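Shown here: start.cif, mmCIF, C-alpha atoms and all ligand atoms.
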```cif
data_coords
loop_
_atom_site.label_atom_id
_atom_site.label_comp_id
_atom_site.auth_asym_id
_atom_site.auth_seq_id
_atom_site.Cartn_x
_atom_site.Cartn_y
_atom_site.Cartn_z
CA MET J 1 -76.24 -151.63 91.84
CA THR J 2 -75.82 -155.41 92.16
CA THR J 3 -72.88 -157.24 90.55
CA VAL J 4 -75.30 -158.82 88.08
CA ALA J 5 -76.57 -155.38 87.04
CA GLU J 6 -72.97 -154.18 86.68
CA ILE J 7 -72.15 -157.17 84.47
CA LEU J 8 -75.17 -156.43 82.27
CA ARG J 9 -74.19 -152.79 82.03
CA ALA J 10 -70.63 -153.75 81.00
CA LEU J 11 -71.92 -156.25 78.42
CA ARG J 12 -74.24 -153.63 76.88
CA ALA J 13 -71.47 -151.04 76.78
CA ASN J 14 -69.17 -153.53 75.01
CA GLU J 15 -71.29 -154.98 72.23
CA THR J 16 -68.36 -156.75 70.60
CA GLY J 17 -67.48 -158.53 73.83
CA ILE J 18 -65.60 -158.04 77.07
CA SER J 19 -63.10 -160.46 78.58
CA GLY J 20 -63.67 -162.26 81.86
CA ALA J 21 -60.40 -160.76 83.14
CA GLU J 22 -61.61 -157.24 82.38
CA LEU J 23 -64.94 -157.89 84.14
CA CYS J 24 -63.09 -159.23 87.21
CA LYS J 25 -60.88 -156.16 87.31
CA ARG J 26 -63.74 -153.67 86.88
CA LEU J 27 -66.09 -155.28 89.36
CA GLY J 28 -63.51 -156.50 91.85
CA VAL J 29 -64.76 -160.10 91.92
CA SER J 30 -63.24 -163.47 91.04
CA ARG J 31 -63.49 -165.21 87.66
CA THR J 32 -65.57 -167.94 89.27
CA ALA J 33 -68.02 -165.32 90.55
CA ILE J 34 -68.29 -163.76 87.07
CA TRP J 35 -68.83 -167.18 85.53
CA SER J 36 -71.58 -168.06 88.02
CA HIS J 37 -73.36 -164.70 87.48
CA ILE J 38 -73.19 -165.23 83.70
CA GLU J 39 -74.75 -168.67 84.23
CA SER J 40 -77.53 -167.17 86.35
CA LEU J 41 -78.21 -164.60 83.60
CA ARG J 42 -78.37 -167.38 80.99
CA ASN J 43 -80.82 -169.22 83.21
CA VAL J 44 -83.26 -166.28 83.11
CA GLY J 45 -83.06 -165.97 79.34
CA PHE J 46 -80.07 -163.79 78.46
CA GLU J 47 -78.05 -165.18 75.57
CA ILE J 48 -74.39 -164.67 76.30
CA ILE J 49 -71.69 -166.12 74.05
CA ALA J 50 -68.31 -166.86 75.60
CA SER J 51 -65.34 -167.10 73.26
CA PRO J 52 -61.59 -167.09 73.94
CA HIS J 53 -61.00 -164.14 71.59
CA ARG J 54 -63.91 -161.87 72.35
CA GLY J 55 -64.74 -162.85 75.90
CA TYR J 56 -68.38 -162.52 76.90
CA GLN J 57 -70.86 -161.06 74.42
CA LEU J 58 -74.54 -160.38 75.04
CA THR J 59 -76.57 -161.37 71.97
CA ALA J 60 -80.18 -161.40 73.23
CA SER J 61 -82.22 -160.36 76.28
CA PRO J 62 -85.35 -162.02 77.64
CA GLU J 63 -88.81 -160.55 77.15
CA ALA J 64 -89.51 -160.61 80.91
CA LEU J 65 -88.75 -157.54 83.01
CA LEU J 66 -85.88 -158.03 85.47
CA ALA J 67 -84.89 -155.56 88.16
CA ASP J 68 -81.15 -155.98 87.54
CA ASP J 69 -81.64 -155.43 83.82
CA LEU J 70 -83.69 -152.25 84.39
CA CYS J 71 -81.04 -150.93 86.83
CA ALA J 72 -78.31 -151.71 84.32
CA ARG J 73 -80.11 -149.89 81.52
CA LEU J 74 -81.01 -146.83 83.62
CA SER J 75 -78.35 -144.17 83.41
CA SER J 76 -78.05 -141.78 86.31
CA THR J 77 -81.40 -140.44 87.49
CA ARG J 78 -81.78 -138.08 90.41
CA ILE J 79 -84.63 -139.84 92.20
CA ILE J 80 -86.80 -142.10 90.08
CA GLY J 81 -85.49 -145.67 90.10
CA SER J 82 -83.46 -145.21 93.31
CA GLN J 83 -84.66 -148.75 93.87
CA ILE J 84 -86.42 -151.01 91.36
CA ARG J 85 -88.49 -154.08 92.17
CA VAL J 86 -90.12 -156.45 89.69
CA LEU J 87 -92.77 -158.85 90.94
CA PRO J 88 -94.17 -161.69 88.85
CA GLN J 89 -97.65 -161.01 90.20
CA THR J 90 -99.35 -158.85 92.81
CA THR J 91 -102.77 -157.44 93.58
CA SER J 92 -101.84 -153.88 92.63
CA THR J 93 -98.42 -152.24 92.37
CA ASN J 94 -99.95 -149.20 94.11
CA ASP J 95 -100.56 -151.40 97.18
CA GLU J 96 -96.96 -152.64 97.02
CA ALA J 97 -95.54 -149.12 96.83
CA THR J 98 -97.80 -147.96 99.68
CA GLN J 99 -96.67 -150.83 101.89
CA ALA J 100 -93.06 -150.17 100.96
CA SER J 101 -93.48 -146.53 101.93
CA ARG J 102 -94.79 -147.52 105.35
CA ALA J 103 -91.78 -149.79 105.73
CA GLY J 104 -89.52 -146.79 105.09
CA ALA J 105 -88.69 -147.26 101.38
CA GLU J 106 -86.74 -144.53 99.67
CA ASP J 107 -88.22 -141.83 97.45
CA GLY J 108 -88.11 -142.89 93.83
CA LEU J 109 -88.78 -146.58 94.45
CA VAL J 110 -90.43 -148.12 91.38
CA VAL J 111 -92.40 -151.35 91.65
CA PHE J 112 -93.29 -153.22 88.46
CA ALA J 113 -95.47 -156.32 88.24
CA GLU J 114 -95.75 -158.65 85.27
CA SER J 115 -99.40 -159.07 86.15
CA GLN J 116 -101.90 -157.65 88.64
CA THR J 117 -104.84 -159.57 90.02
CA ALA J 118 -106.65 -156.45 91.28
CA GLY J 119 -105.23 -153.59 89.19
CA ARG J 120 -107.39 -150.54 89.71
CA GLY J 121 -108.27 -147.24 88.10
CA ARG J 122 -109.93 -144.29 89.77
CA LEU J 123 -113.05 -144.78 91.90
CA GLY J 124 -112.31 -148.48 92.26
CA ARG J 125 -112.67 -149.24 88.54
CA ALA J 126 -110.84 -152.32 87.31
CA TRP J 127 -107.61 -151.99 85.35
CA HIS J 128 -106.86 -154.95 83.07
CA SER J 129 -103.24 -155.97 83.41
CA ALA J 130 -102.51 -158.83 81.01
CA ALA J 131 -99.47 -160.86 82.11
CA GLY J 132 -96.25 -159.79 80.40
CA LYS J 133 -98.03 -157.57 77.88
CA GLY J 134 -97.87 -154.12 79.40
CA LEU J 135 -96.06 -151.97 81.88
CA TRP J 136 -97.88 -152.00 85.22
CA PHE J 137 -95.94 -150.06 87.80
CA SER J 138 -95.97 -147.55 90.64
CA VAL J 139 -93.56 -144.83 91.70
CA LEU J 140 -93.19 -143.72 95.32
CA LEU J 141 -92.51 -140.03 95.89
CA ARG J 142 -92.48 -137.58 98.79
CA PRO J 143 -92.66 -134.20 97.07
CA SER J 144 -92.00 -130.97 98.94
CA PHE J 145 -95.11 -129.12 97.75
CA ALA J 146 -98.53 -128.85 99.39
CA PRO J 147 -101.13 -131.63 99.01
CA SER J 148 -103.33 -129.22 97.05
CA ASP J 149 -100.66 -129.08 94.32
CA CYS J 150 -100.55 -132.82 93.83
CA THR J 151 -102.48 -132.83 90.56
CA ARG J 152 -99.20 -131.53 89.15
CA LEU J 153 -97.88 -135.05 89.37
CA THR J 154 -100.57 -136.50 87.11
CA VAL J 155 -99.72 -133.80 84.57
CA THR J 156 -96.03 -134.56 85.01
CA ALA J 157 -96.52 -138.28 84.53
CA ALA J 158 -98.56 -137.70 81.37
CA THR J 159 -95.90 -135.52 79.70
CA ALA J 160 -93.14 -137.95 80.68
CA LEU J 161 -95.08 -140.94 79.31
CA ALA J 162 -95.82 -139.13 76.07
CA ARG J 163 -92.12 -138.32 75.54
CA ALA J 164 -90.98 -141.84 76.42
CA ILE J 165 -93.49 -143.39 74.01
CA ARG J 166 -92.41 -141.05 71.22
CA ALA J 167 -88.71 -141.68 71.82
CA THR J 168 -89.10 -145.47 71.97
CA THR J 169 -91.71 -146.08 69.27
CA GLY J 170 -92.05 -142.87 67.24
CA LEU J 171 -95.78 -142.82 68.11
CA THR J 172 -97.55 -139.61 69.03
CA THR J 173 -100.09 -139.65 71.84
CA GLN J 174 -102.81 -137.23 72.86
CA ILE J 175 -103.40 -136.39 76.50
CA LYS J 176 -106.95 -136.43 77.79
CA TRP J 177 -107.34 -134.61 81.07
CA PRO J 178 -106.91 -135.68 83.80
CA ASN J 179 -105.14 -139.00 83.44
CA ASP J 180 -105.44 -140.69 80.05
CA LEU J 181 -103.07 -141.05 77.14
CA LEU J 182 -104.74 -141.85 73.84
CA ILE J 183 -103.67 -142.92 70.38
CA ASP J 184 -106.26 -142.40 67.64
CA GLY J 185 -108.89 -141.77 70.31
CA ARG J 186 -108.22 -145.05 72.15
CA LYS J 187 -106.73 -145.35 75.60
CA ILE J 188 -103.12 -146.52 75.68
CA ALA J 189 -102.25 -145.57 79.25
CA GLY J 190 -103.85 -144.45 82.50
CA ILE J 191 -102.43 -142.82 85.60
CA LEU J 192 -103.70 -143.34 89.15
CA MET J 193 -102.30 -141.03 91.78
CA GLU J 194 -102.89 -141.98 95.41
CA LEU J 195 -101.96 -139.69 98.23
CA SER J 196 -101.28 -140.04 101.92
CA ALA J 197 -101.27 -136.60 103.49
CA GLU J 198 -102.30 -134.30 106.29
CA VAL J 199 -103.86 -130.93 105.53
CA ASP J 200 -100.56 -129.22 104.79
CA HIS J 201 -98.08 -132.06 104.50
CA ILE J 202 -97.66 -134.94 102.07
CA HIS J 203 -96.52 -138.24 103.62
CA HIS J 204 -96.19 -139.89 100.26
CA VAL J 205 -97.64 -140.02 96.78
CA VAL J 206 -97.90 -143.20 94.75
CA ILE J 207 -98.17 -142.66 91.00
CA GLY J 208 -99.54 -145.81 89.41
CA ILE J 209 -99.10 -146.14 85.66
CA GLY J 210 -100.64 -148.72 83.38
CA MET J 211 -99.47 -148.82 79.78
CA ASP J 212 -100.74 -151.23 77.12
CA VAL J 213 -97.67 -152.32 75.19
CA ASN J 214 -97.76 -155.64 73.35
CA GLN J 215 -101.40 -156.81 73.37
CA THR J 216 -103.08 -157.76 70.12
CA VAL J 217 -106.72 -156.72 69.60
CA SER J 218 -107.98 -160.18 70.54
CA GLU J 219 -106.05 -160.11 73.81
CA PHE J 220 -108.11 -157.24 75.21
CA PRO J 221 -111.18 -158.32 77.19
CA SER J 222 -114.42 -157.47 75.42
CA ALA J 223 -115.29 -154.78 78.00
CA ILE J 224 -112.46 -152.55 76.75
CA LYS J 225 -111.80 -153.83 73.21
CA GLY J 226 -113.64 -150.85 71.76
CA ILE J 227 -111.85 -148.19 73.81
CA ALA J 228 -108.31 -149.47 74.35
CA THR J 229 -105.29 -149.95 72.14
CA SER J 230 -101.66 -150.97 72.58
CA LEU J 231 -98.38 -149.64 71.23
CA LYS J 232 -98.04 -152.85 69.22
CA ILE J 233 -101.44 -152.38 67.58
CA ALA J 234 -100.77 -148.69 66.89
CA GLY J 235 -97.21 -149.09 65.63
CA GLY J 236 -97.45 -152.53 64.02
CA LYS J 237 -94.53 -154.03 65.91
CA THR J 238 -93.60 -155.56 69.23
CA VAL J 239 -92.06 -153.06 71.64
CA ASN J 240 -89.19 -153.88 73.98
CA ARG J 241 -90.79 -153.30 77.39
CA ALA J 242 -87.53 -152.91 79.29
CA GLU J 243 -86.36 -150.19 76.91
CA LEU J 244 -89.69 -148.40 77.24
CA ALA J 245 -89.73 -148.77 81.04
CA VAL J 246 -86.29 -147.21 81.29
CA ALA J 247 -87.28 -144.36 78.96
CA VAL J 248 -90.33 -143.67 81.15
CA MET J 249 -88.26 -143.61 84.35
CA GLN J 250 -85.72 -141.32 82.75
CA GLU J 251 -88.37 -138.88 81.51
CA LEU J 252 -90.28 -138.99 84.81
CA ASP J 253 -87.09 -138.15 86.62
CA ALA J 254 -86.46 -135.17 84.36
CA ASP J 255 -90.00 -133.83 84.78
CA TYR J 256 -90.16 -134.47 88.51
CA HIS J 257 -86.98 -132.46 88.83
CA ARG J 258 -88.59 -129.64 86.82
CA VAL J 259 -91.61 -129.62 89.15
CA GLN J 260 -89.57 -129.85 92.36
CA SER J 261 -87.37 -126.99 91.25
CA GLY J 262 -90.30 -124.63 90.63
CA ARG J 263 -90.68 -125.13 86.87
CA PHE J 264 -94.11 -126.72 86.74
CA LYS J 265 -95.14 -124.04 84.23
CA ASP J 266 -92.74 -125.55 81.63
CA VAL J 267 -94.25 -128.99 82.14
CA ALA J 268 -97.79 -127.59 81.96
CA ASP J 269 -97.01 -125.79 78.68
CA GLU J 270 -95.68 -129.01 77.16
CA TRP J 271 -98.76 -130.84 78.44
CA ALA J 272 -101.10 -128.20 76.99
CA ALA J 273 -99.52 -128.57 73.53
CA GLN J 274 -100.53 -132.26 73.46
CA CYS J 275 -103.81 -132.03 75.30
CA ASP J 276 -106.97 -133.00 73.49
CA THR J 277 -109.23 -131.46 76.11
CA LEU J 278 -108.13 -127.82 76.18
CA GLY J 279 -110.11 -125.38 74.09
CA ARG J 280 -113.09 -127.75 73.83
CA GLU J 281 -116.60 -127.69 75.23
CA VAL J 282 -116.72 -130.53 77.72
CA ASN J 283 -118.86 -132.23 80.33
CA ILE J 284 -117.03 -133.26 83.46
CA GLN J 285 -118.77 -135.76 85.68
CA ILE J 286 -117.68 -135.66 89.31
CA GLY J 287 -119.74 -138.12 91.33
CA ALA J 288 -123.37 -137.04 90.91
CA HIS J 289 -122.40 -133.58 89.65
CA ARG J 290 -121.94 -132.61 86.06
CA HIS J 291 -119.94 -129.50 85.14
CA THR J 292 -120.22 -128.12 81.65
CA GLY J 293 -118.06 -125.52 79.96
CA ARG J 294 -114.99 -124.75 77.95
CA ALA J 295 -111.73 -126.31 79.15
CA GLU J 296 -109.51 -123.24 79.16
CA ALA J 297 -106.18 -123.98 80.85
CA LEU J 298 -104.30 -125.65 83.67
CA ASP J 299 -103.57 -123.58 86.75
CA GLU J 300 -100.28 -123.67 88.66
CA SER J 301 -101.41 -126.64 90.76
CA GLY J 302 -102.37 -128.76 87.74
CA ALA J 303 -106.14 -128.22 88.11
CA LEU J 304 -108.29 -127.62 85.04
CA LEU J 305 -109.91 -124.22 84.65
CA LEU J 306 -113.38 -124.56 83.20
CA ARG J 307 -115.24 -121.53 81.80
CA THR J 308 -118.95 -122.09 82.53
CA PRO J 309 -121.72 -120.91 80.18
CA HIS J 310 -122.21 -118.00 82.64
CA GLY J 311 -118.61 -116.91 82.16
CA ARG J 312 -117.41 -118.03 85.59
CA ILE J 313 -114.17 -119.99 86.02
CA GLU J 314 -114.41 -123.25 87.94
CA ARG J 315 -111.31 -125.03 89.19
CA ILE J 316 -111.62 -128.80 88.65
CA THR J 317 -109.20 -131.34 90.08
CA GLY J 318 -110.72 -134.63 88.93
CA GLY J 319 -113.61 -136.29 87.15
CA ASP J 320 -114.49 -137.95 83.87
CA VAL J 321 -114.44 -135.83 80.76
CA THR J 322 -116.63 -136.23 77.69
CA LEU J 323 -116.90 -133.81 74.82
CA ALA J 324 -120.13 -131.79 74.92
CA GLN J 325 -122.42 -132.31 71.93
C1 LIG J 401 -107.01 -145.06 85.07
O1 LIG J 401 -108.19 -145.04 85.75
O2 LIG J 401 -106.87 -144.88 83.89
C2 LIG J 401 -105.79 -145.37 85.95
C3 LIG J 401 -105.19 -146.71 85.64
C4 LIG J 401 -103.94 -146.97 86.44
C5 LIG J 401 -103.48 -148.39 86.32
C6 LIG J 401 -102.15 -148.60 87.01
S1 LIG J 401 -101.43 -150.13 86.65
C7 LIG J 401 -100.25 -149.93 87.88
C8 LIG J 401 -100.96 -149.29 89.05
N1 LIG J 401 -101.54 -150.28 89.90
C9 LIG J 401 -102.90 -150.20 89.91
O3 LIG J 401 -103.65 -150.95 90.57
N2 LIG J 401 -103.28 -149.19 89.13
C10 LIG J 401 -102.16 -148.51 88.53
P1 LIG J 401 -109.59 -144.57 85.13
O4 LIG J 401 -109.45 -143.22 84.50
O5 LIG J 401 -110.56 -144.71 86.23
O6 LIG J 401 -109.88 -145.59 83.98
C11 LIG J 401 -110.32 -146.88 84.25
C12 LIG J 401 -111.04 -147.36 82.99
O7 LIG J 401 -110.09 -147.61 81.94
C13 LIG J 401 -111.76 -148.68 83.18
O8 LIG J 401 -113.05 -148.47 83.71
C14 LIG J 401 -111.81 -149.23 81.74
O9 LIG J 401 -112.87 -148.61 81.00
C15 LIG J 401 -110.51 -148.71 81.13
N3 LIG J 401 -109.46 -149.73 81.18
C16 LIG J 401 -109.27 -150.75 82.07
N4 LIG J 401 -108.16 -151.44 81.77
C17 LIG J 401 -107.61 -150.86 80.67
C18 LIG J 401 -106.46 -151.10 79.89
N5 LIG J 401 -105.60 -152.08 80.17
N6 LIG J 401 -106.24 -150.29 78.83
C19 LIG J 401 -107.08 -149.28 78.51
N7 LIG J 401 -108.18 -149.00 79.21
C20 LIG J 401 -108.46 -149.77 80.29
#
```
Now, as a test, write the supplied structure out as structure tokens.
Ligand code: BT5
Amino acid sequence: MTTVAEILRALRANETGISGAELCKRLGVSRTAIWSHIESLRNVGFEIIASPHRGYQLTASPEALLADDLCARLSSTRIIGSQIRVLPQTTSTNDEATQASRAGAEDGLVVFAESQTAGRGRLGRAWHSAAGKGLWFSVLLRPSFAPSDCTRLTVTAATALARAIRATTGLTTQIKWPNDLLIDGRKIAGILMELSAEVDHIHHVVIGIGMDVNQTVSEFPSAIKGIATSLKIAGGKTVNRAELAVAVMQELDADYHRVQSGRFKDVADEWAAQCDTLGREVNIQIGAHRHTGRAEALDESGALLLRTPHGRIERITGGDVTLAQ
């Protein structure tokens, strides 16, 4: 953790203030260094009061995401958030995480961007990423399981997102297989998993997550106004994105640990309890092919088991789901 992140962590842990002398002692740096870090934090929007009696006191944080702030807020995770980067703008955070992986980045790297110029969904669809309004980020992982089990990670991300949203906002989401989170039938978040693998070995997985947080209805482009919503619209108040981002990383870390230690079944059961798709008659469009049947369950690799009208079970790993009429 950087000294700045350590200062932020100490300020948050001492709401009534912490003296400059105490900060120097804890962090092993000079008073001048503390003072200059405090100035740099003020310059990016933190409000920090300095008084002779109370020392330094943090009274407000900026709306922008800052890597040091996210590190400071994140309590110990096993893997996710091993490194955190925040970019003002990029094409797609999935591209950034992929490049970072090739450059040897650690497992658990998380790359956020305040805006994306070419955010994408599956099959090259566009993902709208309004500047400063959502959480647009990617997580780099190198899981130990086989490439064929990778759908587990989409399931894992969905359960973690649902828990983080509930904990931060009190809102309940529904999961729509394979990669959507909905509130009142409208999309609030999407997950894009991209994989680099050989037949039996995963090089890396990038889990891209887009979450609509503080948009108002008029801020959505007309193409998605009718199908999308944000946490602010659903809950009626602005959501602190840093707090939500940290909750998501924390929950992802917990669920990734469950999957890596052979407890995917627990995650899948939690997922099934919130899934809108299971138990329903659905159409699943995969390229030019349409599969129809009853969505029965997830298997141990995270694939959907579809019972066809002839009673056969088909194993489906992707596609677009609509409810059958
Ligand atoms: C997804 O694809 O839902 C995956 C979206 C993943 C986005 C993240 S952001 C960080 C990372 N970097 C990236 O470049 N991508 C990931 P799919 O199921 O194919 O859904 C795409 C469809 O969702 C579009 O065709 C629109 O209909 C709709 N859509 C686009 N932007 C949206 C938004 N902001 N909110 C809700 N729906 C949206």
- Spatial neighbours of range 13-16 of chain J, max dist 12 Å, only C-alpha atoms, sep filter under 4 positions, as number ranges by chain: J: 6-9, 22-23, 48-51, 53-60, 72-73, 75
- Item | Surrounding residues as an MDAnalysis selection string, ligand LIG 401 (chain J), max 9 Å, all atoms listed in the file | chainID J and resid 91:96 111:113 116:130 134:138 178:181 186:193 206:212 220:221 223:225 227:230 319:320
Name the residues in contact with His291 in chain J at a cut-off of 9 Å, using all atoms listed in the file, excluding same-chain residues fewer than 5 positions from it; report them as a PDB file with C-alpha atoms, in the coordinates of the input.
```pdb
ATOM      1  CA  VAL J 282    -116.720-130.530  77.720  1.00  0.00           C
ATOM      2  CA  ASN J 283    -118.860-132.230  80.330  1.00  0.00           C
ATOM      3  CA  ILE J 284    -117.030-133.260  83.460  1.00  0.00           C
ATOM      4  CA  GLN J 285    -118.770-135.760  85.680  1.00  0.00           C
ATOM      5  CA  ILE J 286    -117.680-135.660  89.310  1.00  0.00           C
ATOM      6  CA  LEU J 306    -113.380-124.560  83.200  1.00  0.00           C
ATOM      7  CA  THR J 308    -118.950-122.090  82.530  1.00  0.00           C
ATOM      8  CA  GLU J 314    -114.410-123.250  87.940  1.00  0.00           C
TER       9      GLU J 314
END
```
- Message: Using all atoms listed in the file, can you tell me which of J:Ala234, J:Leu74, J:Val321, J:Ile38 comes closest to Glu251 in chain J?
- Response: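 Closest to Glu251 in chain J of all the choices is J:Leu74.
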May I have a table of the residues of range 266-294 of chain J lying at most 10 Å from range 162-177 of chain J, giving each one's closest pair of atoms and their distance in Å to one decimal, counting all atoms listed in the file, ordered by chain and ascending residue number, as CSV?
```
residue,atom,partner,partner_atom,distance
J:Trp271,CA,J:Ile175,CA,7.5
J:Ala272,CA,J:Ile175,CA,8.5
J:Ala273,CA,J:Ile175,CA,9.2
J:Gln274,CA,J:Gln174,CA,5.5
J:Cys275,CA,J:Ile175,CA,4.5
J:Asp276,CA,J:Lys176,CA,5.5
J:Thr277,CA,J:Lys176,CA,5.7
J:Leu278,CA,J:Trp177,CA,8.4
```
- Message: For Ala297 in chain J, find every residue with an atom within 10 Å (counting only C-alpha atoms), except residues of its own chain fewer than 2 positions away, and show them as JSON, numbers by chain.
- Response: {"J": [268, 269, 272, 277, 278, 279, 294, 295, 299, 300, 302, 303, 304, 305, 306, 307, 315]}
- May I ask for the distance between CA of Leu27 in chain J and CA of Leu109 in chain J, given in Å to one decimal place? 24.8 Å
- Task: Name the residues in contact with Arg102 in chain J at a cut-off of 12 Å, using all atoms listed in the file, excluding same-chain residues fewer than 4 positions from it; report them as a PyMOL selection string.
- Result: chain J and resi 95-98+106-107+140+196+203-206
- Query: For the atom pair CA of Ala160 in chain J and CA of Val248 in chain J, what is the interatomic distance in Å to one decimal place?
  - Reply: 6.4 Å
- As a check of understanding: the span from CA of Thr156 in chain J to CA of His201 in chain J is 19.8 Å
- Task: Please identify all polymer residues within 9 Å of Gly45 in chain J, counting only C-alpha atoms, omitting same-chain residues fewer than 6 positions from it, and present them as an MDAnalysis selection string.
- Result: chainID J and resid 60:64
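Remark: for Cys71 in chain J, the closest of the candidate residues J:Val213, J:Ala247, J:Ala105, J:Ala5 is J:Ala5 (distances computed over only C-alpha atoms).
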- Which is closer to Thr159 in chain J than all the others in J:Arg85, J:Gly318, J:Glu194, J:Tyr256, using all atoms listed in the file? J:Tyr256
- Query: Which is closest to Gly311 in chain J among J:Ala158, J:Ile18, J:Asp68, J:Gly293, if we use only C-alpha atoms?
  - Reply: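 Residue with the minimum atom-to-atom distance to Gly311 in chain J: J:Gly293.
Ranking J:Ala21, J:Leu195, J:Ala100, J:Ile80 by their shortest atom-to-atom distance to Met249 in chain J, with all atoms listed in the file included, puts J:Ile80 first.
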- Query: Which one is closest to Gly235 in chain J: J:Ile34, J:Ile183, J:Leu252, J:Leu70? Count only C-alpha atoms.
  - Reply: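 Of the candidates, the smallest distance to Gly235 in chain J is held by J:Ile183.
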